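What follows is a set of notes on a single structure, which appears directly below.
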Amino acid sequence: MSLFAAQSDREPMLFKPDGIGASLGFYLPATVVSRLMGLIRGVVLTWLISESQYGLLQIALLSISILHPLLGVGFNEAMTRYVPQYETRGALRAFLARALAGALLISIVLGGLAWLGAGPLGRFLFEVMPEAGGLPPDFDVAMIGHLAVGTTLCLVLYFLLLGVLRGLRMFRAISAIETVYQVGFTVVAVVIALFGWKSAQVMLICYAASVLTTVLLFTPSLVRVIGSAADQPEPLSESGRALLGQMLRFSIWAALAALMWQTLQYYPVWYLHKVCGREGEVTGIFAAMRLLAQAVLVVALAVVTVVQTSATKTWESRGQQAADRLLLLGFKATALVLLGLSAVLAVSARLLVMIYPSSYAIGQAAITPSLLNYVLWSYLLFQTIHFTVIEKTRHVFLPWCLGLLCTIAFSKWLVQPGMPDALALKAAAWAGVLGITPAVMICVVLLKVERRPFDFGTWLLLVAACVLALPLPLMVPIMALVLLLAAGTTTILSHEEKRQIRDFLAAGHGKARQILSQLVGWM
């Protein structure tokens, strides 16, 4: 059953569950718009604050990304996994009451411990080797460590809210929440910088305030919707302790995987900062180049968010085979979009770097390897949905761990103290590529061990990512050939899969127009 199936037209417009086609039709464009705000914020800040402060802000955001899975313990992923199950059973309200109480209690305790250790944490993350130029003399590492912990606790609340909404497939609400947060953070940060407060610490305060305000703005509406829904409660057979134990068995592995994922993603940035940071200036340039390439990951994350919850719901309601078909189609369609987008961005790298101040131009050589890095990241992220659906998230940990070890090794090998800035930036970008590649390979091996489905089109698209490592005169025609094979033959996509894609796009376009019309009418 669906918790919201019997609700009337009075149901709030944002808090409605949607199918995969409608979800992609609205959530994907909305995510692109909200992430575009993040790109605009990043670009504008390069003009408003110094390279040094911009680089230190990136290390602060890195520390928050690593702290979140430690303090949140992966409970947001557990919400996404188990909310559809308890919704189907008609026991959602009882589940949320017990699960959220336990999750918040654990996060608060862990947050208190992290607060006590914020000073040493700040020194470990921010301080650089003496030959790398040191830090600005007025930079307080203990203060920014405490700010990072406080901001992380705000993010724990934010992602718990999103985890519940993803489980309920309420992607309209998720779109609105992410857009409000991104716009709010962008406006506040830019205005504060224009008034002369341009330090990384102040930007971090703006971040925390934007996240917390967004949570406080939307949570009451979700509580009212769930409280007034047409639920037919089924008493929970699990005790509070048993329910928390069930979630922890899932979420701990998800948290460890997320910790490895975030550390693996940001290690090249952090190591470059340690070895060649120059008070954060080189770090800022590298982060700015990666920001341009993150368009690839933005698309992938949006699709993965929708496909994961839809696959979980499909598995529960229609069985394994239907969910497997959905995952195969989702990966192939997404991979084609990512490969085409990456090729376009690689060709446009010289123009793209011009949106930054001229001092950032030395980072251009890092754009193409960063694009390849994010395509491989997207592949890995998408394939690990299989482990989430079959509840074997412990398998996610091994690829991340292997990737992290390889990234550490390649970073230490390629990025050396005293390197010219341009060479150090390029070396750090390729260290990320060489580190993530073994992770993708071991993930594929584990999927085959678990007898997860792969077809020829999937294998071809996995290999096609390597084309991005070629020089542009070779990359462009080969990538065009791959896209033509997908469009004009059944080598990658069958006729049925192409029909499904057209149906998804049509449903998404129609739903998006309907929602936008309702929004205009409401305004």
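Within each chain, counting starts at residue 1; across the structure tokens, chains are named A, B, ... in the order shown, with ligands numbered 1 upward in that order.
Non-sequential neighbours of range 452-467 of chain A (distance at most 8 Å, separation of 4 or more positions within a chain, only C-alpha atoms) are Asp324, Leu328, Phe331, Lys332, Ala335, Leu336, Leu339, Leu372, Val375, Leu376, Tyr379, His386, Leu447, Lys448, Met475, Ile478, Met479, Val482, Thr491, Ile492 and Leu493 of chain A.
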task = Could you please write out, as a VMD selection string, every residue of range 378-478 of chain A that DSSP assigns to alpha helix (DSSP H)?
result = chain A and resid 378 to 383 385 to 389 394 to 414 421 to 449 456 to 464 472 to 478
For Arg35 in chain A, please output as a PDB file with all heavy atoms, in the first residue's frame all residues within 9 Å (counting only C-alpha atoms; exclusion window: fewer than 3 positions along the same chain).
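Final output, saved to out.pdb:
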```pdb
ATOM      1  N   ALA A  30      15.486  20.501 -11.606  1.00  0.00           N
ATOM      2  CA  ALA A  30      15.578  21.317 -10.394  1.00  0.00           C
ATOM      3  C   ALA A  30      16.932  21.155  -9.725  1.00  0.00           C
ATOM      4  O   ALA A  30      17.505  22.123  -9.200  1.00  0.00           O
ATOM      5  CB  ALA A  30      14.465  20.928  -9.417  1.00  0.00           C
ATOM      6  N   THR A  31      17.473  19.934  -9.751  1.00  0.00           N
ATOM      7  CA  THR A  31      18.791  19.701  -9.173  1.00  0.00           C
ATOM      8  C   THR A  31      19.855  20.431  -9.963  1.00  0.00           C
ATOM      9  O   THR A  31      20.776  21.032  -9.386  1.00  0.00           O
ATOM     10  CB  THR A  31      19.104  18.191  -9.140  1.00  0.00           C
ATOM     11  OG1 THR A  31      18.132  17.531  -8.322  1.00  0.00           O
ATOM     12  CG2 THR A  31      20.488  17.932  -8.585  1.00  0.00           C
ATOM     13  N   VAL A  32      19.744  20.388 -11.277  1.00  0.00           N
ATOM     14  CA  VAL A  32      20.708  21.103 -12.108  1.00  0.00           C
ATOM     15  C   VAL A  32      20.665  22.602 -11.797  1.00  0.00           C
ATOM     16  O   VAL A  32      21.707  23.262 -11.667  1.00  0.00           O
ATOM     17  CB  VAL A  32      20.432  20.842 -13.600  1.00  0.00           C
ATOM     18  CG1 VAL A  32      21.282  21.765 -14.468  1.00  0.00           C
ATOM     19  CG2 VAL A  32      20.703  19.383 -13.944  1.00  0.00           C
ATOM     20  N   GLY A  38      25.155  26.639  -6.914  1.00  0.00           N
ATOM     21  CA  GLY A  38      26.411  26.355  -6.235  1.00  0.00           C
ATOM     22  C   GLY A  38      27.612  26.734  -7.078  1.00  0.00           C
ATOM     23  O   GLY A  38      28.612  27.268  -6.569  1.00  0.00           O
ATOM     24  N   LEU A  39      27.525  26.465  -8.387  1.00  0.00           N
ATOM     25  CA  LEU A  39      28.598  26.855  -9.296  1.00  0.00           C
ATOM     26  C   LEU A  39      28.732  28.376  -9.350  1.00  0.00           C
ATOM     27  O   LEU A  39      29.847  28.922  -9.281  1.00  0.00           O
ATOM     28  CB  LEU A  39      28.332  26.297 -10.691  1.00  0.00           C
ATOM     29  CG  LEU A  39      29.282  26.759 -11.808  1.00  0.00           C
ATOM     30  CD1 LEU A  39      30.704  26.328 -11.515  1.00  0.00           C
ATOM     31  CD2 LEU A  39      28.828  26.212 -13.169  1.00  0.00           C
ATOM     32  N   ILE A  40      27.598  29.065  -9.449  1.00  0.00           N
ATOM     33  CA  ILE A  40      27.626  30.531  -9.491  1.00  0.00           C
ATOM     34  C   ILE A  40      28.249  31.072  -8.201  1.00  0.00           C
ATOM     35  O   ILE A  40      29.087  31.990  -8.230  1.00  0.00           O
ATOM     36  CB  ILE A  40      26.208  31.081  -9.695  1.00  0.00           C
ATOM     37  CG1 ILE A  40      25.703  30.715 -11.097  1.00  0.00           C
ATOM     38  CG2 ILE A  40      26.175  32.594  -9.486  1.00  0.00           C
ATOM     39  CD1 ILE A  40      24.245  31.054 -11.321  1.00  0.00           C
ATOM     40  N   GLU A 178      16.431  21.699  -1.765  1.00  0.00           N
ATOM     41  CA  GLU A 178      17.791  21.909  -2.255  1.00  0.00           C
ATOM     42  C   GLU A 178      17.946  23.273  -2.926  1.00  0.00           C
ATOM     43  O   GLU A 178      18.985  23.926  -2.794  1.00  0.00           O
ATOM     44  CB  GLU A 178      18.172  20.785  -3.220  1.00  0.00           C
ATOM     45  CG  GLU A 178      18.325  19.438  -2.520  1.00  0.00           C
ATOM     46  CD  GLU A 178      18.791  18.343  -3.458  1.00  0.00           C
ATOM     47  OE1 GLU A 178      18.715  18.537  -4.691  1.00  0.00           O
ATOM     48  OE2 GLU A 178      19.240  17.295  -2.960  1.00  0.00           O
ATOM     49  N   THR A 179      16.899  23.702  -3.626  1.00  0.00           N
ATOM     50  CA  THR A 179      16.967  25.011  -4.283  1.00  0.00           C
ATOM     51  C   THR A 179      16.991  26.136  -3.259  1.00  0.00           C
ATOM     52  O   THR A 179      17.783  27.082  -3.374  1.00  0.00           O
ATOM     53  CB  THR A 179      15.770  25.181  -5.239  1.00  0.00           C
ATOM     54  OG1 THR A 179      15.778  24.133  -6.207  1.00  0.00           O
ATOM     55  CG2 THR A 179      15.843  26.516  -5.956  1.00  0.00           C
ATOM     56  N   GLN A 182      20.448  26.202  -1.595  1.00  0.00           N
ATOM     57  CA  GLN A 182      21.508  26.714  -2.468  1.00  0.00           C
ATOM     58  C   GLN A 182      21.361  28.210  -2.708  1.00  0.00           C
ATOM     59  O   GLN A 182      22.343  28.967  -2.653  1.00  0.00           O
ATOM     60  CB  GLN A 182      21.503  25.963  -3.802  1.00  0.00           C
ATOM     61  CG  GLN A 182      21.954  24.510  -3.726  1.00  0.00           C
ATOM     62  CD  GLN A 182      23.461  24.381  -3.620  1.00  0.00           C
ATOM     63  OE1 GLN A 182      24.186  25.361  -3.518  1.00  0.00           O
ATOM     64  NE2 GLN A 182      23.949  23.154  -3.659  1.00  0.00           N
ATOM     65  N   ALA A 295      29.822  19.239 -12.776  1.00  0.00           N
ATOM     66  CA  ALA A 295      28.542  19.148 -13.484  1.00  0.00           C
ATOM     67  C   ALA A 295      28.209  17.690 -13.795  1.00  0.00           C
ATOM     68  O   ALA A 295      27.043  17.275 -13.759  1.00  0.00           O
ATOM     69  CB  ALA A 295      28.604  19.961 -14.772  1.00  0.00           C
ATOM     70  N   VAL A 298      26.946  16.085 -10.605  1.00  0.00           N
ATOM     71  CA  VAL A 298      25.626  16.627 -10.253  1.00  0.00           C
ATOM     72  C   VAL A 298      24.523  15.850 -10.963  1.00  0.00           C
ATOM     73  O   VAL A 298      23.525  15.434 -10.353  1.00  0.00           O
ATOM     74  CB  VAL A 298      25.553  18.120 -10.621  1.00  0.00           C
ATOM     75  CG1 VAL A 298      24.113  18.616 -10.594  1.00  0.00           C
ATOM     76  CG2 VAL A 298      26.405  18.936  -9.669  1.00  0.00           C
TER      77      VAL A 298
END
```
Nearest-residue call for Ile285 in chain A, choices A:Tyr360, A:Trp377, A:Trp413, A:Phe126, using only C-alpha atoms = A:Tyr360
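Close contacts of Thr384 in chain A, defined as residues with an atom at most 9 Å away when counting only C-alpha atoms, with chain neighbours fewer than 6 positions off set aside, comprise Thr393, His395, Val396, Cys443 and Leu447 of chain A.
Residue nearest Thr152 in chain A within the list A:His68, A:Gly227, A:Leu125, A:Ala200: A:His68 [criterion: smallest interatomic distance, only C-alpha atoms].
If you measure from each of A:Leu423, A:Met289, A:Val33, A:Val223 to Val183 in chain A using only C-alpha atoms, the closest one turns out to be A:Val33.
Counting only C-alpha atoms, the residue from A:Glu496, A:Phe286, A:Arg81, A:Leu116 that sits nearest to Ala311 in chain A is A:Arg81.
Each of A:Val353, A:Leu326, A:Ala409, A:Leu338 was compared to Val299 in chain A using only C-alpha atoms, and A:Leu338 turns out to be the nearest.
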ask   = Using only C-alpha atoms, which residues sit within 10 Å of Ser348 in chain A once same-chain residues fewer than 6 positions away are excluded, as a PyMOL selection string?
value = chain A and resi 342+367-368
Who sits within 10 Å of range 144-147 of chain A, only C-alpha atoms, same chain under 5 positions skipped, as a CSV table (one decimal) with N, CA and C atoms, in the first residue's frame:
```csv
chain,number,residue,atom,x,y,z
A,56,LEU,N,41.2,27.7,1.7
A,56,LEU,CA,40.9,27.3,3.1
A,56,LEU,C,39.4,26.9,3.3
A,57,LEU,N,38.5,27.7,2.6
A,57,LEU,CA,37.1,27.3,2.7
A,57,LEU,C,36.9,25.9,2.1
A,60,ALA,N,37.8,23.4,4.6
A,60,ALA,CA,36.7,23.4,5.7
A,60,ALA,C,35.5,22.5,5.2
A,63,SER,N,36.4,19.0,5.4
A,63,SER,CA,36.3,18.4,6.7
A,63,SER,C,34.9,18.1,7.1
A,64,ILE,N,34.0,18.9,6.7
A,64,ILE,CA,32.5,18.7,7.0
A,64,ILE,C,32.1,17.4,6.2
A,114,ALA,N,33.1,15.1,19.1
A,114,ALA,CA,33.8,15.8,18.1
A,114,ALA,C,34.1,17.2,18.5
A,115,TRP,N,33.2,17.8,19.1
A,115,TRP,CA,33.4,19.2,19.6
A,115,TRP,C,34.6,19.3,20.5
A,116,LEU,N,34.8,18.3,21.4
A,116,LEU,CA,35.9,18.4,22.3
A,116,LEU,C,37.2,18.2,21.6
A,117,GLY,N,37.2,17.5,20.5
A,117,GLY,CA,38.4,17.2,19.7
A,117,GLY,C,38.6,18.1,18.5
A,118,ALA,N,37.8,19.2,18.5
A,118,ALA,CA,37.8,20.1,17.3
A,118,ALA,C,39.2,20.8,17.0
A,119,GLY,N,39.9,21.1,18.1
A,119,GLY,CA,41.2,21.8,18.0
A,119,GLY,C,42.2,21.0,17.3
A,120,PRO,N,42.5,19.7,17.8
A,120,PRO,CA,43.4,18.9,17.1
A,120,PRO,C,43.0,18.5,15.7
A,121,LEU,N,41.7,18.4,15.5
A,121,LEU,CA,41.1,18.1,14.2
A,121,LEU,C,41.5,19.2,13.2
A,122,GLY,N,41.2,20.4,13.6
A,122,GLY,CA,41.5,21.6,12.8
A,122,GLY,C,43.0,21.7,12.4
A,123,ARG,N,43.9,21.4,13.4
A,123,ARG,CA,45.3,21.4,13.1
A,123,ARG,C,45.7,20.3,12.1
A,124,PHE,N,45.1,19.2,12.2
A,124,PHE,CA,45.4,18.1,11.3
A,124,PHE,C,45.0,18.4,9.9
A,125,LEU,N,43.8,18.9,9.7
A,125,LEU,CA,43.3,19.2,8.4
A,125,LEU,C,43.8,20.4,7.7
A,126,PHE,N,44.2,21.4,8.4
A,126,PHE,CA,44.5,22.7,7.8
A,126,PHE,C,46.0,23.0,7.7
A,139,PHE,N,44.9,33.0,10.8
A,139,PHE,CA,44.0,31.9,10.6
A,139,PHE,C,43.9,31.1,11.9
A,152,THR,N,28.4,20.5,10.7
A,152,THR,CA,28.1,19.1,10.4
A,152,THR,C,26.9,18.7,11.1
A,200,ALA,N,37.3,32.5,5.5
A,200,ALA,CA,36.7,31.2,5.4
A,200,ALA,C,35.7,30.9,6.5
A,201,GLN,N,36.1,31.4,7.7
A,201,GLN,CA,35.3,31.2,8.9
A,201,GLN,C,33.9,31.8,8.7
A,202,VAL,N,33.8,33.0,8.2
A,202,VAL,CA,32.5,33.7,8.0
A,202,VAL,C,31.7,32.9,6.9
A,204,LEU,N,31.8,29.8,6.4
A,204,LEU,CA,31.3,28.6,7.0
A,204,LEU,C,30.0,28.9,7.9
A,205,ILE,N,30.0,30.0,8.5
A,205,ILE,CA,28.9,30.4,9.3
A,205,ILE,C,27.7,30.6,8.4
A,208,ALA,N,26.3,27.1,7.6
A,208,ALA,CA,25.5,26.5,8.6
A,208,ALA,C,24.1,27.2,8.8
```
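Shortest separation to Leu168 in chain A among A:Ala78, A:Val275, A:Met143, A:Val83 occurs at residue A:Val83, atoms counted being only C-alpha atoms.
Across the model, the gap from CA of Arg249 in chain A to CA of Leu405 in chain A is 24.8 Å.
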task = Might you pull out every residue within 6 Å of range 185-199 of chain A, with only C-alpha atoms counted and same-chain residues fewer than 6 positions away left off, and present them as a count of residues only?
result = 6
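CA of Leu248 in chain A to CA of Gly102 in chain A spans 10.2 Å [interatomic distance, one decimal].
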